[in-house]
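Here the structure comes first, spelled out in structure tokens, and everything after it is commentary.
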Amino acid sequence: MKSIIINIKQLVNVREESKVLRGKELAELPVLNNAYLITEDGLISEYGLMKDFDTSKIDAKNIIDASNQFVLPSWCDSHTHIVFTASREDEFVDKIKGLTYQEIAAKGGGILNSAKKLQQASEEDLFNSAWKRLNELIQLGTGAIEIKSGYGLTKDAELKMLRVIIQLKKKSLIPIRSTFLGAHSFPAEFINDHQGYINLIINEMLPAIAKENLADYIDVFCEEGFFNAEETETICRAGMQFGLFPKIHANQFTGGGITVGTKINAISVDHLETVDEKEIELLSKSDTIGTLLPTAAYFLRIPFQPARKLIDAGCAIALASDFNPGTSPSGNMNIVVSMSCIQMKMLPEEAINAATINGAYAMGLGDIVGSITVGKKANLIFTKPIPSLAYLTYAFGNNLIDKVMINGKFIND
């Protein structure tokens, strides 16, 4: 199928070649004013200025007039936990009353709460609820996504989660990456036997995951009260032996995760609310992407990530939603991008780049999505009429998306 999009007010993030952006490069967002774009067989096949458009290509059957609209690549959300059974608004109320994340976890809430419920859920029910969430996110402009396990915490339940993610991969039209996060927390029965659970992950879970080819990445929650730096490295290296690339939940409340992540060349270290100058320097000199999750910081009422320090130091930065039932119950990347500008002082261009092309690279999809580049998927956002690109991040309370195109087709057609 071929589509010709004409009269685009501004075609955003146009790149002949794509790469991970770092430091000052994040503020460079190439655009074309009064542009056209052609898609064919679900891919971007051509783009340019309307003044150079060959009118002989026009066919009334496949013309889309995007007058007064901005067109940009869809959001690439590289950190989510959308396979879960139930919300946790009771813990939300506990937080309002003053309990900390760690205190809620210590009394059986948090991750262990979700794990208990998920262990009892059927694979079918998990798939149906996750499928609904996934499609709601696509409506909001997400065109590629990473999904983690980690609410199972037993061999059977972790495998069940990963099989659900594989089902989502097979059925969904958008690219999906699967991450094994068995090291999300220590189950209650292993609270005093950390090595016992680590052995279970390494000796039983990982071989079973590899046998069924259920995951692309391995992730560990490197944090005080969860997995320390040494344990994190051990688990990640074990996963790497099975062909899983490492990602790390790092520096959310305490430091250490960035140091481990850069040491093992993790594809990304995610969160980064708590970083020091040494770790910023380590990240800036590495190929590891720092993924910021501002809605998690907002929900937990903890300091936002120091985006300006990270960018100014030359780090590669991505943005993601951390959609999960406990600490970021929203996958709306439009809010993530806007909040990054308002609370982390990122320029609109930096935020859009971080949520598109760098987000794509943070889940190994940089050659497939994330920019307006010939050969990449035609996964696109069409805005409603807006006065400028900055308005997209300025008007945080408005739904500014008119249509979403996935693989060259509008999703509601």
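Just so we're on the same page: first chain in the structure tokens is A, next is B, and so on; residues restart at 1 for each chain, and ligands are numbered from 1 in the order they show up.
Around Glu17 (chain A), within 10 Å and counting only C-alpha atoms, the residues found are Asp367, Ser371, Ile372, Thr373 and Val374 of chain A, once anything fewer than 5 positions away on its own chain is removed.
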Serialized selection, C-alpha atoms, as a compact mmCIF listing (two decimals), in the first residue's frame:
```
# COMPACT_ATOMS: atom_id res chain seq x y z
CA ASP A 367 17.55 1.34 12.56
CA SER A 371 13.18 9.36 12.90
CA ILE A 372 11.91 10.38 9.48
CA THR A 373 14.42 8.32 7.51
CA VAL A 374 13.94 6.42 4.25
```
Margin query: Using DSSP secondary structure from the backbone, list all helix (DSSP H, G or I) positions within region 209-291 of chain A, as a PyMOL selection string.
Written below: chain A and resi 209-212+229-241+257-263+277-284
Selection from above, C-alpha atoms, as an mmCIF file, in the first residue's frame, can you write it?
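Heads up, here's the output in again33.cif:
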```
data_model
loop_
_atom_site.group_PDB
_atom_site.id
_atom_site.type_symbol
_atom_site.label_atom_id
_atom_site.label_comp_id
_atom_site.auth_asym_id
_atom_site.auth_seq_id
_atom_site.Cartn_x
_atom_site.Cartn_y
_atom_site.Cartn_z
ATOM 1 C CA ILE A 209 14.055 -18.353 28.929
ATOM 2 C CA ALA A 210 16.841 -19.069 26.455
ATOM 3 C CA LYS A 211 15.288 -22.388 25.451
ATOM 4 C CA GLU A 212 12.025 -20.655 24.451
ATOM 5 C CA ALA A 229 26.133 -3.682 42.673
ATOM 6 C CA GLU A 230 27.935 -7.018 42.920
ATOM 7 C CA GLU A 231 24.724 -9.013 42.654
ATOM 8 C CA THR A 232 23.607 -6.871 39.725
ATOM 9 C CA GLU A 233 26.807 -7.513 37.805
ATOM 10 C CA THR A 234 26.653 -11.244 38.498
ATOM 11 C CA ILE A 235 23.084 -11.541 37.219
ATOM 12 C CA CYS A 236 23.697 -9.363 34.159
ATOM 13 C CA ARG A 237 26.793 -11.299 33.164
ATOM 14 C CA ALA A 238 24.879 -14.555 33.536
ATOM 15 C CA GLY A 239 22.194 -13.199 31.212
ATOM 16 C CA MET A 240 24.830 -12.082 28.740
ATOM 17 C CA GLN A 241 26.033 -15.689 28.537
ATOM 18 C CA GLY A 257 23.938 1.347 39.166
ATOM 19 C CA ILE A 258 25.588 3.642 36.637
ATOM 20 C CA THR A 259 29.003 2.351 37.660
ATOM 21 C CA VAL A 260 27.937 -1.245 37.072
ATOM 22 C CA GLY A 261 26.077 -0.404 33.864
ATOM 23 C CA THR A 262 28.966 1.383 32.213
ATOM 24 C CA LYS A 263 31.369 -1.341 33.346
ATOM 25 C CA GLU A 277 29.708 13.981 39.188
ATOM 26 C CA LYS A 278 31.823 10.827 38.921
ATOM 27 C CA GLU A 279 28.924 8.765 37.615
ATOM 28 C CA ILE A 280 27.911 11.489 35.161
ATOM 29 C CA GLU A 281 31.461 11.431 33.805
ATOM 30 C CA LEU A 282 31.375 7.630 33.526
ATOM 31 C CA LEU A 283 28.116 7.775 31.594
ATOM 32 C CA SER A 284 29.311 10.550 29.289
#
```
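If you measure from each of A:Ile96, A:Ile82, A:Ile386, A:Ala115 to Leu168 (chain A) using only C-alpha atoms, the closest one turns out to be A:Ile82.
Of the residues listed (A:Leu389, A:Ile5, A:Val83, A:Ile335), A:Val83 shows the shortest atom-to-atom separation from Arg163 (chain A); distances use only C-alpha atoms.
The shortest atom-to-atom distance to Phe245 (chain A), with only C-alpha atoms taken into account, belongs to A:Ala362 out of A:Leu21, A:Leu292, A:Met1, A:Ala362.
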Check: Which residues, written as number ranges by chain, have at least one atom at most 10 Å from Glu25 (chain A), with only C-alpha atoms counted and residues fewer than 2 positions away on the same chain left out?
Finding: A: 20-23, 27-29, 311, 314, 316, 349-350, 353
Can you build me a table of region 210-325 of chain A residues sitting at most 10 Å from region 89-93 of chain A, with the closest atom pair per residue and its distance in Å to one decimal, using only C-alpha atoms, sorted by chain and residue number, as JSON lines?
```
{"residue": "A:Phe299", "atom": "CA", "partner": "A:Phe92", "partner_atom": "CA", "distance": 8.8}
{"residue": "A:Leu300", "atom": "CA", "partner": "A:Phe92", "partner_atom": "CA", "distance": 9.1}
{"residue": "A:Pro325", "atom": "CA", "partner": "A:Glu89", "partner_atom": "CA", "distance": 8.2}
```
Write to file, as a short mmCIF file (atom, residue, chain, number, x, y, z; two decimals), in the first residue's frame, the residues of the selection just made, with C-alpha atoms.
```cif
data_model
loop_
_atom_site.label_atom_id
_atom_site.label_comp_id
_atom_site.auth_asym_id
_atom_site.auth_seq_id
_atom_site.Cartn_x
_atom_site.Cartn_y
_atom_site.Cartn_z
CA PHE A 299 4.57 10.17 41.28
CA LEU A 300 7.01 9.39 44.10
CA PRO A 325 1.00 0.04 38.66
#
```
Next item on the list: Determine which residues of region 132-319 of chain A DSSP labels as strand (DSSP E) from the backbone of this structure, then write them out as an MDAnalysis selection string.
Entry: chainID A and resid 142:148 176:183 217:221 245:250 268:271 289:292 317:319
Note to self: Considering only C-alpha atoms, can you say which of A:Asp402, A:Glu136, A:Glu16, A:Asp65 comes closest to Tyr47 (chain A)?
What the structure shows: A:Glu16
Next item on the list: Would you mind listing what lies within 8 Å of Ser114 (chain A) as number ranges by chain, with only C-alpha atoms counted and same-chain residues fewer than 5 positions away left out?
Entry: A: 84-86, 109, 151
Check: Excluding same-chain residues fewer than 2 positions from Lys247 (chain A), what lies within 7 Å of it counting only C-alpha atoms, as an MDAnalysis selection string?
Finding: chainID A and resid 217:219 245 266:269
Please write the residues from the selection above to a file, keeping N, CA and C atoms, as a CSV table (one decimal), in the first residue's frame.
```csv
chain,number,residue,atom,x,y,z
A,217,TYR,N,16.5,-8.8,26.4
A,217,TYR,CA,17.3,-8.1,27.4
A,217,TYR,C,17.2,-8.7,28.8
A,218,ILE,N,18.2,-8.4,29.6
A,218,ILE,CA,18.1,-8.8,31.0
A,218,ILE,C,18.2,-7.5,31.8
A,219,ASP,N,17.5,-7.3,32.9
A,219,ASP,CA,17.5,-6.1,33.7
A,219,ASP,C,17.5,-6.5,35.2
A,245,PHE,N,21.2,-8.8,26.3
A,245,PHE,CA,21.9,-7.6,26.5
A,245,PHE,C,21.4,-7.0,27.8
A,266,ALA,N,26.2,-1.8,29.4
A,266,ALA,CA,24.7,-2.0,29.3
A,266,ALA,C,24.2,-1.1,28.2
A,267,ILE,N,23.1,-1.5,27.6
A,267,ILE,CA,22.5,-0.7,26.5
A,267,ILE,C,21.9,0.6,27.1
A,268,SER,N,21.4,0.4,28.4
A,268,SER,CA,20.9,1.6,29.1
A,268,SER,C,20.9,1.5,30.6
A,269,VAL,N,21.0,2.6,31.3
A,269,VAL,CA,20.8,2.6,32.7
A,269,VAL,C,19.6,3.6,32.9
```
Skipping near chain neighbours, those fewer than 4 positions away, what residues fall within 12 Å of Ala215 (chain A) using only C-alpha atoms, listed as an mmCIF file with N, CA and C atoms, in the first residue's frame?
```cif
data_model
loop_
_atom_site.group_PDB
_atom_site.id
_atom_site.type_symbol
_atom_site.label_atom_id
_atom_site.label_comp_id
_atom_site.auth_asym_id
_atom_site.auth_seq_id
_atom_site.Cartn_x
_atom_site.Cartn_y
_atom_site.Cartn_z
ATOM 1 N N GLU A 146 9.246 -1.210 24.862
ATOM 2 C CA GLU A 146 9.917 -2.298 25.580
ATOM 3 C C GLU A 146 9.033 -2.670 26.761
ATOM 4 N N ILE A 147 8.896 -3.974 27.014
ATOM 5 C CA ILE A 147 8.055 -4.455 28.109
ATOM 6 C C ILE A 147 8.865 -5.423 28.967
ATOM 7 N N LYS A 148 8.809 -5.235 30.277
ATOM 8 C CA LYS A 148 9.588 -6.049 31.206
ATOM 9 C C LYS A 148 8.734 -7.072 31.948
ATOM 10 N N SER A 149 9.352 -8.171 32.320
ATOM 11 C CA SER A 149 8.744 -9.063 33.306
ATOM 12 C C SER A 149 9.098 -8.483 34.677
ATOM 13 N N GLU A 158 7.470 -15.849 36.038
ATOM 14 C CA GLU A 158 8.298 -15.039 35.134
ATOM 15 C C GLU A 158 8.167 -15.533 33.695
ATOM 16 N N LEU A 159 8.185 -16.851 33.517
ATOM 17 C CA LEU A 159 8.007 -17.398 32.177
ATOM 18 C C LEU A 159 6.625 -17.049 31.626
ATOM 19 N N MET A 161 4.855 -14.365 32.293
ATOM 20 C CA MET A 161 4.892 -12.964 31.864
ATOM 21 C C MET A 161 5.588 -12.821 30.512
ATOM 22 N N LEU A 162 6.725 -13.478 30.376
ATOM 23 C CA LEU A 162 7.490 -13.352 29.132
ATOM 24 C C LEU A 162 6.739 -13.961 27.953
ATOM 25 N N ARG A 163 5.997 -15.033 28.200
ATOM 26 C CA ARG A 163 5.187 -15.620 27.113
ATOM 27 C C ARG A 163 4.085 -14.648 26.694
ATOM 28 N N VAL A 164 3.537 -13.919 27.649
ATOM 29 C CA VAL A 164 2.532 -12.906 27.316
ATOM 30 C C VAL A 164 3.160 -11.817 26.442
ATOM 31 N N ILE A 165 4.357 -11.395 26.804
ATOM 32 C CA ILE A 165 5.037 -10.367 25.994
ATOM 33 C C ILE A 165 5.282 -10.885 24.579
ATOM 34 N N ILE A 166 5.651 -12.146 24.448
ATOM 35 C CA ILE A 166 5.853 -12.735 23.121
ATOM 36 C C ILE A 166 4.536 -12.737 22.333
ATOM 37 N N LYS A 169 4.034 -9.329 21.088
ATOM 38 C CA LYS A 169 4.939 -9.114 19.943
ATOM 39 C C LYS A 169 4.320 -9.632 18.651
ATOM 40 N N ILE A 176 8.134 -4.500 19.462
ATOM 41 C CA ILE A 176 8.154 -4.696 20.913
ATOM 42 C C ILE A 176 9.443 -5.416 21.286
ATOM 43 N N ARG A 177 10.087 -4.966 22.344
ATOM 44 C CA ARG A 177 11.248 -5.644 22.899
ATOM 45 C C ARG A 177 10.880 -6.213 24.273
ATOM 46 N N SER A 178 11.382 -7.402 24.541
ATOM 47 C CA SER A 178 11.067 -8.130 25.768
ATOM 48 C C SER A 178 12.275 -8.154 26.699
ATOM 49 N N THR A 179 12.042 -7.811 27.965
ATOM 50 C CA THR A 179 13.125 -7.777 28.943
ATOM 51 C C THR A 179 12.807 -8.661 30.140
ATOM 52 N N PHE A 180 13.755 -9.529 30.501
ATOM 53 C CA PHE A 180 13.626 -10.385 31.683
ATOM 54 C C PHE A 180 14.116 -9.616 32.899
ATOM 55 N N LEU A 181 13.206 -9.354 33.824
ATOM 56 C CA LEU A 181 13.512 -8.611 35.049
ATOM 57 C C LEU A 181 13.183 -9.463 36.274
ATOM 58 N N GLY A 182 13.638 -10.709 36.255
ATOM 59 C CA GLY A 182 13.420 -11.560 37.425
ATOM 60 C C GLY A 182 14.049 -10.965 38.670
ATOM 61 N N MET A 205 15.853 -20.054 35.769
ATOM 62 C CA MET A 205 15.076 -19.140 34.932
ATOM 63 C C MET A 205 15.764 -18.863 33.596
ATOM 64 N N LEU A 206 17.030 -18.475 33.627
ATOM 65 C CA LEU A 206 17.720 -18.099 32.396
ATOM 66 C C LEU A 206 17.792 -19.230 31.365
ATOM 67 N N PRO A 207 18.129 -20.462 31.763
ATOM 68 C CA PRO A 207 18.128 -21.544 30.765
ATOM 69 C C PRO A 207 16.755 -21.763 30.136
ATOM 70 N N ALA A 208 15.688 -21.658 30.942
ATOM 71 C CA ALA A 208 14.337 -21.858 30.417
ATOM 72 C C ALA A 208 13.959 -20.727 29.460
ATOM 73 N N ILE A 209 14.336 -19.504 29.795
ATOM 74 C CA ILE A 209 14.055 -18.353 28.929
ATOM 75 C C ILE A 209 14.791 -18.496 27.605
ATOM 76 N N ALA A 210 16.050 -18.898 27.675
ATOM 77 C CA ALA A 210 16.841 -19.069 26.455
ATOM 78 C C ALA A 210 16.280 -20.192 25.582
ATOM 79 N N LYS A 211 15.829 -21.255 26.197
ATOM 80 C CA LYS A 211 15.288 -22.388 25.451
ATOM 81 C C LYS A 211 14.081 -21.976 24.615
ATOM 82 N N ASP A 219 17.476 -7.337 32.887
ATOM 83 C CA ASP A 219 17.462 -6.116 33.684
ATOM 84 C C ASP A 219 17.535 -6.502 35.156
ATOM 85 N N GLY A 239 23.114 -13.392 32.335
ATOM 86 C CA GLY A 239 22.194 -13.199 31.212
ATOM 87 C C GLY A 239 22.920 -13.012 29.900
ATOM 88 N N MET A 240 24.046 -12.306 29.952
ATOM 89 C CA MET A 240 24.830 -12.082 28.740
ATOM 90 C C MET A 240 25.342 -13.400 28.164
ATOM 91 N N PHE A 242 23.708 -15.971 27.937
ATOM 92 C CA PHE A 242 22.580 -16.529 27.177
ATOM 93 C C PHE A 242 22.149 -15.597 26.045
ATOM 94 N N GLY A 243 22.971 -14.600 25.745
ATOM 95 C CA GLY A 243 22.689 -13.707 24.618
ATOM 96 C C GLY A 243 21.767 -12.549 24.924
ATOM 97 N N LEU A 244 21.509 -12.300 26.215
ATOM 98 C CA LEU A 244 20.644 -11.178 26.601
ATOM 99 C C LEU A 244 21.498 -9.943 26.896
ATOM 100 N N PHE A 245 21.164 -8.835 26.257
ATOM 101 C CA PHE A 245 21.898 -7.596 26.497
ATOM 102 C C PHE A 245 21.399 -6.956 27.800
ATOM 103 N N PRO A 246 22.310 -6.389 28.606
ATOM 104 C CA PRO A 246 21.881 -5.854 29.909
ATOM 105 C C PRO A 246 21.317 -4.441 29.855
#
```
Margin query: Can you tell me which residues surround Asp94 (chain A) at a distance of at most 12 Å, considering only C-alpha atoms, apart from same-chain residues fewer than 6 positions away, and format the answer as JSON, numbers by chain?
Written below: {"A": [88, 100, 101, 102, 103, 104, 105, 107, 109, 110, 300, 326]}
